[in-house]
Amino acid sequence: MSISFGLVIVGDEILSGKRADKHLPKVIELLGARGLQLAYADYVGDDPARITAVLARAFAAARDSGDVVFSCGGIGATPDDHTRQCAAAALDVDLALHPEAERLIRERMQDLAKEQGVAYEPDRHDNIHRLNMGVFPVGAAIIPNPYNKIPGFRVEAGVGAVHFVPGFPVMAWPMVEWVLDTHYAHLHQKSAYTEKSVIVMGAMEAALTPLMLAIEAGHSGIKVFSLPSVDHPEYGRHIELGVKGAPAAVNAAFPALLAGLHSFNAKLGPELVR
C-alpha cells in the first residue's frame, strides 16, 4: 500500500484573506526534511457541514488507502471552533472528555494561576469551560503540545490516521513534527527522493509534450514535470523541465531527457538538483 500525506486547513480567516496561510509551506518543509511529500491539501471555512464532509473524506482515505492526514485549526472551545464536533460527526461517534487531556488542561490552568499569583479555582466557570478543549471523539489519542500543554488529538482509521492540531503555528508545527517522528519514523526516506531539471529557454510546453510522455513511458518510477514562466527577470520566457522520483530512476531518466531536448535543438540554461 502506498501511503499518501494530506493536509486540511480550517478557518474563515484564511479564506477571507485576514490571515495568510503558513501551514501549507511548513508542512511541505517538515515532510520534505524526512524524504516525504504532501499529496493533497483542502481548505475549508468555519462551516460545520463542510468541515464534516472534508473530514469524512480524510477518514475514508485513512481507512481505505492508509493515508496520514493533518488537520490544522478549529479545535479550540470558542463558538467558531467546530473541528472536534465535526470529527465526531464524520466518525459517527460520541464526544467525551479525554482523561489525559483533562489532566494536562488542569495542569495548565494551575500553571496560569501560579504565574498570575492567584488561587487555582477548578470549579470556576471559565476553568470548567476550558475543559471543552479536551473533549475529543471517543477512541481518540492525544497529541502533546509543548507550547502550553493543551493537547491535540489523533484518530486511527484502518492503517492510516487523521491528526488534529491547533491553528496557531507555534503550537501546530512542533505537534506535527512529533507525530511524524513518533508514529511515522519508519516511513522517513531522507535519500529516497530527488529532482533534476533544466531551464529550457523560449520553449512551449505543447512542443515538448511528446518528449515528456516518452520519458515517463520509458522510465518507470519517475514523473516528468514542467513549470512554465513568461516573465522571469533572468531567463524571460522559459520552462523548467525535469524528472522526479527515486535517485536511481532520476539518474537514468535525466540524461535521456537532456538528449531529447538536444534533438529539438533547444537552448538550455542551468541544470537544477533538489
# chains A, B, ... in the order shown; residues from 1 in each chain; ligands from 1

$ residues_around --residues "region 66-77 of chain A" --least-positions-apart "4" --cutoff "6 Å" --atoms "only C-alpha atoms" --output "ChimeraX atom specification"
/A:3-10,61-62,81-84,132-133,159-167

$ select_by_dssp --residues "region 156-222 of chain A" --states "alpha helix (DSSP H)" --output "count of residues only"
29

$ residues_around --residues "Gly139 (chain A)" --least-positions-apart "6" --cutoff "12 Å" --atoms "only C-alpha atoms" --output "number ranges by chain"
A: 87-88, 91-99, 153-157

$ write_last_selection --atoms "C-alpha atoms" --output "CSV table (one decimal), in the first residue's frame"
chain,number,residue,atom,x,y,z
A,87,ALA,CA,-14.7,14.9,13.5
A,88,ALA,CA,-17.0,13.1,15.8
A,91,LEU,CA,-16.9,9.2,12.5
A,92,ASP,CA,-20.4,8.8,13.9
A,93,VAL,CA,-19.1,8.5,17.4
A,94,ASP,CA,-19.8,10.5,20.6
A,95,LEU,CA,-17.6,13.2,22.2
A,96,ALA,CA,-16.1,12.7,25.6
A,97,LEU,CA,-13.6,14.4,27.9
A,98,HIS,CA,-10.3,12.5,27.4
A,99,PRO,CA,-8.8,11.7,30.8
A,153,PHE,CA,-5.7,14.5,19.2
A,154,ARG,CA,-5.4,11.7,16.6
A,155,VAL,CA,-7.8,9.2,15.4
A,156,GLU,CA,-6.6,6.0,13.7
A,157,ALA,CA,-8.8,4.7,10.9

$ atom_distance --atom1 "CA of Pro146 (chain A)" --atom2 "CA of Ala58 (chain A)"
25.7 Å

$ residues_around --residues "region 189-203 of chain A" --least-positions-apart "6" --cutoff "10 Å" --atoms "only C-alpha atoms" --output "compact mmCIF listing (two decimals) with N, CA, C and O atoms, in the first residue's frame"
# COMPACT_ATOMS: atom_id res chain seq x y z
N LEU A 31 7.70 17.60 5.92
CA LEU A 31 7.69 16.32 5.22
C LEU A 31 8.95 16.15 4.39
O LEU A 31 9.58 15.09 4.40
N GLY A 32 9.32 17.20 3.66
CA GLY A 32 10.49 17.12 2.79
C GLY A 32 11.76 16.82 3.55
O GLY A 32 12.64 16.11 3.05
N ALA A 33 11.87 17.33 4.77
CA ALA A 33 13.06 17.07 5.58
C ALA A 33 13.18 15.60 5.95
O ALA A 33 14.26 15.14 6.35
N ARG A 34 12.08 14.88 5.79
CA ARG A 34 12.06 13.45 6.12
C ARG A 34 11.90 12.58 4.86
O ARG A 34 11.58 11.40 4.95
N GLY A 35 12.12 13.19 3.70
CA GLY A 35 12.03 12.47 2.45
C GLY A 35 10.62 12.11 2.06
O GLY A 35 10.39 11.18 1.28
N LEU A 36 9.64 12.89 2.56
CA LEU A 36 8.24 12.62 2.30
C LEU A 36 7.62 13.78 1.53
O LEU A 36 8.17 14.88 1.48
N GLN A 37 6.45 13.53 0.93
CA GLN A 37 5.80 14.55 0.12
C GLN A 37 4.33 14.68 0.48
O GLN A 37 3.67 13.69 0.84
N ILE A 222 9.37 7.32 -12.26
CA ILE A 222 9.65 8.76 -12.26
C ILE A 222 8.43 9.53 -12.80
O ILE A 222 7.57 8.97 -13.48
N LYS A 223 8.39 10.79 -12.46
CA LYS A 223 7.41 11.70 -13.02
C LYS A 223 8.14 12.85 -13.70
O LYS A 223 9.13 13.35 -13.18
N VAL A 224 7.64 13.23 -14.85
CA VAL A 224 8.17 14.40 -15.55
C VAL A 224 7.34 15.61 -15.13
O VAL A 224 6.12 15.53 -15.01
N PHE A 225 8.01 16.74 -14.90
CA PHE A 225 7.27 17.96 -14.55
C PHE A 225 7.76 19.11 -15.41
O PHE A 225 8.92 19.13 -15.86
N SER A 226 6.86 20.06 -15.64
CA SER A 226 7.23 21.27 -16.38
C SER A 226 6.61 22.47 -15.69
O SER A 226 5.43 22.46 -15.34
N LEU A 227 7.44 23.48 -15.47
CA LEU A 227 7.00 24.70 -14.81
C LEU A 227 7.27 25.89 -15.75
O LEU A 227 8.39 26.40 -15.81
N PRO A 228 6.26 26.32 -16.50
CA PRO A 228 6.49 27.41 -17.45
C PRO A 228 6.51 28.78 -16.77
O PRO A 228 5.90 28.98 -15.72
N SER A 229 7.23 29.70 -17.36
CA SER A 229 7.26 31.09 -16.90
C SER A 229 7.34 31.99 -18.12
O SER A 229 8.00 31.66 -19.11
N VAL A 230 6.63 33.11 -18.07
CA VAL A 230 6.62 34.01 -19.23
C VAL A 230 7.39 35.31 -18.99
O VAL A 230 7.67 36.04 -19.95
N TYR A 235 15.62 34.72 -17.09
CA TYR A 235 15.50 33.79 -18.22
C TYR A 235 14.41 34.17 -19.21
O TYR A 235 14.32 33.58 -20.28
N GLY A 236 13.56 35.16 -18.87
CA GLY A 236 12.45 35.50 -19.75
C GLY A 236 11.49 34.33 -19.89
O GLY A 236 11.27 33.57 -18.94
N ARG A 237 10.90 34.17 -21.09
CA ARG A 237 10.01 33.03 -21.32
C ARG A 237 10.83 31.74 -21.30
O ARG A 237 11.81 31.61 -22.04
N HIS A 238 10.43 30.80 -20.44
CA HIS A 238 11.17 29.55 -20.36
C HIS A 238 10.31 28.48 -19.70
O HIS A 238 9.22 28.77 -19.17
N ILE A 239 10.80 27.26 -19.71
CA ILE A 239 10.19 26.16 -18.97
C ILE A 239 11.28 25.49 -18.14
O ILE A 239 12.38 25.22 -18.64
N GLU A 240 10.97 25.27 -16.88
CA GLU A 240 11.83 24.39 -16.08
C GLU A 240 11.30 22.98 -16.29
O GLU A 240 10.18 22.66 -15.85
N LEU A 241 12.06 22.16 -16.96
CA LEU A 241 11.63 20.81 -17.32
C LEU A 241 12.49 19.80 -16.57
O LEU A 241 13.72 19.92 -16.57
N GLY A 242 11.86 18.83 -15.92
CA GLY A 242 12.66 17.91 -15.13
C GLY A 242 11.96 16.61 -14.83
O GLY A 242 10.84 16.36 -15.28
N VAL A 243 12.66 15.78 -14.06
CA VAL A 243 12.14 14.49 -13.62
C VAL A 243 12.31 14.39 -12.12
O VAL A 243 13.25 14.96 -11.55
N LYS A 244 11.41 13.65 -11.46
CA LYS A 244 11.49 13.49 -10.01
C LYS A 244 11.11 12.06 -9.65
O LYS A 244 10.34 11.40 -10.35
N GLY A 245 11.71 11.58 -8.55
CA GLY A 245 11.46 10.22 -8.10
C GLY A 245 12.65 9.70 -7.32
O GLY A 245 13.45 10.46 -6.78
N ALA A 246 12.78 8.37 -7.27
CA ALA A 246 13.91 7.75 -6.59
C ALA A 246 15.20 8.12 -7.30
O ALA A 246 15.23 8.24 -8.53
N PRO A 247 16.30 8.35 -6.55
CA PRO A 247 17.54 8.81 -7.17
C PRO A 247 18.02 7.97 -8.34
O PRO A 247 18.42 8.51 -9.37
N ALA A 248 17.98 6.64 -8.23
CA ALA A 248 18.47 5.80 -9.32
C ALA A 248 17.64 5.99 -10.58
O ALA A 248 18.18 6.08 -11.69
N ALA A 249 16.32 6.07 -10.42
CA ALA A 249 15.44 6.26 -11.57
C ALA A 249 15.65 7.64 -12.20
O ALA A 249 15.67 7.78 -13.43
N VAL A 250 15.82 8.65 -11.35
CA VAL A 250 16.04 10.01 -11.86
C VAL A 250 17.38 10.08 -12.60
O VAL A 250 17.48 10.70 -13.67
N ASN A 251 18.41 9.46 -12.04
CA ASN A 251 19.74 9.49 -12.67
C ASN A 251 19.74 8.80 -14.03
O ASN A 251 20.56 9.13 -14.90
N ALA A 253 16.84 8.67 -15.99
CA ALA A 253 15.90 9.36 -16.88
C ALA A 253 16.40 10.74 -17.30
O ALA A 253 16.12 11.18 -18.43
N PHE A 254 17.13 11.43 -16.43
CA PHE A 254 17.50 12.80 -16.74
C PHE A 254 18.42 12.91 -17.97
O PHE A 254 18.19 13.79 -18.82
N PRO A 255 19.44 12.05 -18.13
CA PRO A 255 20.23 12.13 -19.37
C PRO A 255 19.39 11.90 -20.62
O PRO A 255 19.66 12.52 -21.66
N LEU A 257 16.28 12.74 -20.93
CA LEU A 257 15.55 13.98 -21.13
C LEU A 257 16.43 15.02 -21.82
O LEU A 257 16.00 15.69 -22.77
N LEU A 258 17.67 15.15 -21.35
CA LEU A 258 18.59 16.11 -21.97
C LEU A 258 18.86 15.75 -23.43
O LEU A 258 18.90 16.64 -24.30
N LEU A 261 16.01 16.84 -25.53
CA LEU A 261 15.99 18.28 -25.73
C LEU A 261 17.03 18.71 -26.76
O LEU A 261 16.78 19.61 -27.57
N ALA A 266 17.04 22.61 -28.59
CA ALA A 266 16.56 23.56 -27.58
C ALA A 266 17.73 24.28 -26.94
O ALA A 266 18.82 23.71 -26.75
N LYS A 267 17.53 25.54 -26.64
CA LYS A 267 18.54 26.33 -25.93
C LYS A 267 18.37 26.10 -24.45
O LYS A 267 17.33 26.43 -23.86
N LEU A 268 19.39 25.51 -23.82
CA LEU A 268 19.29 25.12 -22.43
C LEU A 268 20.05 26.06 -21.51
O LEU A 268 21.14 26.52 -21.85
N GLY A 269 19.47 26.30 -20.35
CA GLY A 269 20.11 27.09 -19.32
C GLY A 269 20.67 26.18 -18.23
O GLY A 269 21.03 25.04 -18.50
N PRO A 270 20.72 26.68 -17.01
CA PRO A 270 21.34 25.88 -15.93
C PRO A 270 20.51 24.66 -15.56
O PRO A 270 19.30 24.62 -15.76
N GLU A 271 21.23 23.66 -15.04
CA GLU A 271 20.58 22.47 -14.50
C GLU A 271 20.40 22.64 -13.00
O GLU A 271 21.24 23.24 -12.33
N LEU A 272 19.31 22.08 -12.48
CA LEU A 272 18.97 22.25 -11.06
C LEU A 272 18.79 20.87 -10.44
O LEU A 272 18.24 19.96 -11.06
N VAL A 273 19.20 20.74 -9.18
CA VAL A 273 19.03 19.49 -8.44
C VAL A 273 18.43 19.83 -7.09
O VAL A 273 18.88 20.74 -6.39
N ARG A 274 17.38 19.09 -6.70
CA ARG A 274 16.75 19.28 -5.38
C ARG A 274 16.67 17.93 -4.69
O ARG A 274 16.35 16.94 -5.30

$ residues_around --residues "Trp173 (chain A)" --least-positions-apart "2" --cutoff "12 Å" --atoms "only C-alpha atoms" --output "ChimeraX atom specification"
/A:22-31,70-73,143-147,152,164-171,175-180

$ atom_distance --atom1 "CA of Thr52 (chain A)" --atom2 "CA of Ala90 (chain A)"
5.4 Å

$ closest_residue --among "A:Asp126, A:Glu100, A:Ala113, A:Phe264" --to "Pro210 (chain A)" --atoms "only C-alpha atoms"
A:Phe264

$ closest_residue --among "A:Pro79, A:Pro233, A:Gly260, A:Gly11" --to "Thr209 (chain A)" --atoms "only C-alpha atoms"
A:Gly260

$ select_by_dssp --residues "region 15-234 of chain A" --states "strand (DSSP E)" --output "count of residues only"
52

$ closest_residue --among "A:Ile150, A:Ala214, A:Gly158, A:Ala259" --to "Ala60 (chain A)" --atoms "only C-alpha atoms"
A:Gly158

$ decode --residues "region 168-183 of chain A" --atoms "N, CA, C and O atoms" --output "mmCIF file, in the first residue's frame"
data_model
loop_
_atom_site.group_PDB
_atom_site.id
_atom_site.type_symbol
_atom_site.label_atom_id
_atom_site.label_comp_id
_atom_site.auth_asym_id
_atom_site.auth_seq_id
_atom_site.Cartn_x
_atom_site.Cartn_y
_atom_site.Cartn_z
ATOM 1 N N PHE A 168 -2.677 27.718 15.525
ATOM 2 C CA PHE A 168 -1.520 28.556 15.841
ATOM 3 C C PHE A 168 -0.231 27.843 15.424
ATOM 4 O O PHE A 168 0.073 26.763 15.952
ATOM 5 N N PRO A 169 0.542 28.417 14.507
ATOM 6 C CA PRO A 169 1.766 27.756 14.059
ATOM 7 C C PRO A 169 2.722 27.374 15.177
ATOM 8 O O PRO A 169 3.344 26.313 15.141
ATOM 9 N N VAL A 170 2.864 28.246 16.194
ATOM 10 C CA VAL A 170 3.822 27.987 17.278
ATOM 11 C C VAL A 170 3.470 26.696 18.021
ATOM 12 O O VAL A 170 4.340 26.057 18.622
ATOM 13 N N MET A 171 2.208 26.306 17.992
ATOM 14 C CA MET A 171 1.789 25.043 18.595
ATOM 15 C C MET A 171 1.736 23.925 17.559
ATOM 16 O O MET A 171 2.213 22.810 17.796
ATOM 17 N N ALA A 172 1.149 24.241 16.415
ATOM 18 C CA ALA A 172 0.856 23.204 15.426
ATOM 19 C C ALA A 172 2.115 22.538 14.876
ATOM 20 O O ALA A 172 2.167 21.302 14.754
ATOM 21 N N TRP A 173 3.127 23.313 14.554
ATOM 22 C CA TRP A 173 4.273 22.743 13.840
ATOM 23 C C TRP A 173 5.077 21.765 14.699
ATOM 24 O O TRP A 173 5.427 20.683 14.209
ATOM 25 N N PRO A 174 5.368 22.087 15.981
ATOM 26 C CA PRO A 174 6.047 21.062 16.798
ATOM 27 C C PRO A 174 5.197 19.815 16.987
ATOM 28 O O PRO A 174 5.732 18.702 17.106
ATOM 29 N N MET A 175 3.884 19.975 16.998
ATOM 30 C CA MET A 175 2.992 18.830 17.162
ATOM 31 C C MET A 175 3.013 17.950 15.916
ATOM 32 O O MET A 175 3.004 16.712 16.009
ATOM 33 N N VAL A 176 3.040 18.570 14.738
ATOM 34 C CA VAL A 176 3.155 17.804 13.501
ATOM 35 C C VAL A 176 4.483 17.048 13.469
ATOM 36 O O VAL A 176 4.533 15.860 13.106
ATOM 37 N N GLU A 177 5.557 17.726 13.870
ATOM 38 C CA GLU A 177 6.859 17.054 13.908
ATOM 39 C C GLU A 177 6.845 15.861 14.855
ATOM 40 O O GLU A 177 7.405 14.794 14.551
ATOM 41 N N TRP A 178 6.216 16.035 16.019
ATOM 42 C CA TRP A 178 6.135 14.937 16.989
ATOM 43 C C TRP A 178 5.417 13.733 16.372
ATOM 44 O O TRP A 178 5.847 12.588 16.529
ATOM 45 N N VAL A 179 4.324 13.997 15.680
ATOM 46 C CA VAL A 179 3.580 12.903 15.042
ATOM 47 C C VAL A 179 4.450 12.192 14.009
ATOM 48 O O VAL A 179 4.534 10.958 13.981
ATOM 49 N N LEU A 180 5.123 12.964 13.160
ATOM 50 C CA LEU A 180 5.950 12.365 12.116
ATOM 51 C C LEU A 180 7.079 11.518 12.693
ATOM 52 O O LEU A 180 7.390 10.441 12.172
ATOM 53 N N ASP A 181 7.691 12.007 13.769
ATOM 54 C CA ASP A 181 8.850 11.311 14.316
ATOM 55 C C ASP A 181 8.468 10.199 15.289
ATOM 56 O O ASP A 181 9.244 9.262 15.490
ATOM 57 N N THR A 182 7.286 10.289 15.868
ATOM 58 C CA THR A 182 6.852 9.277 16.833
ATOM 59 C C THR A 182 6.120 8.121 16.158
ATOM 60 O O THR A 182 6.349 6.954 16.485
ATOM 61 N N HIS A 183 5.250 8.455 15.207
ATOM 62 C CA HIS A 183 4.383 7.426 14.616
ATOM 63 C C HIS A 183 4.787 7.003 13.200
ATOM 64 O O HIS A 183 4.362 5.940 12.747
#
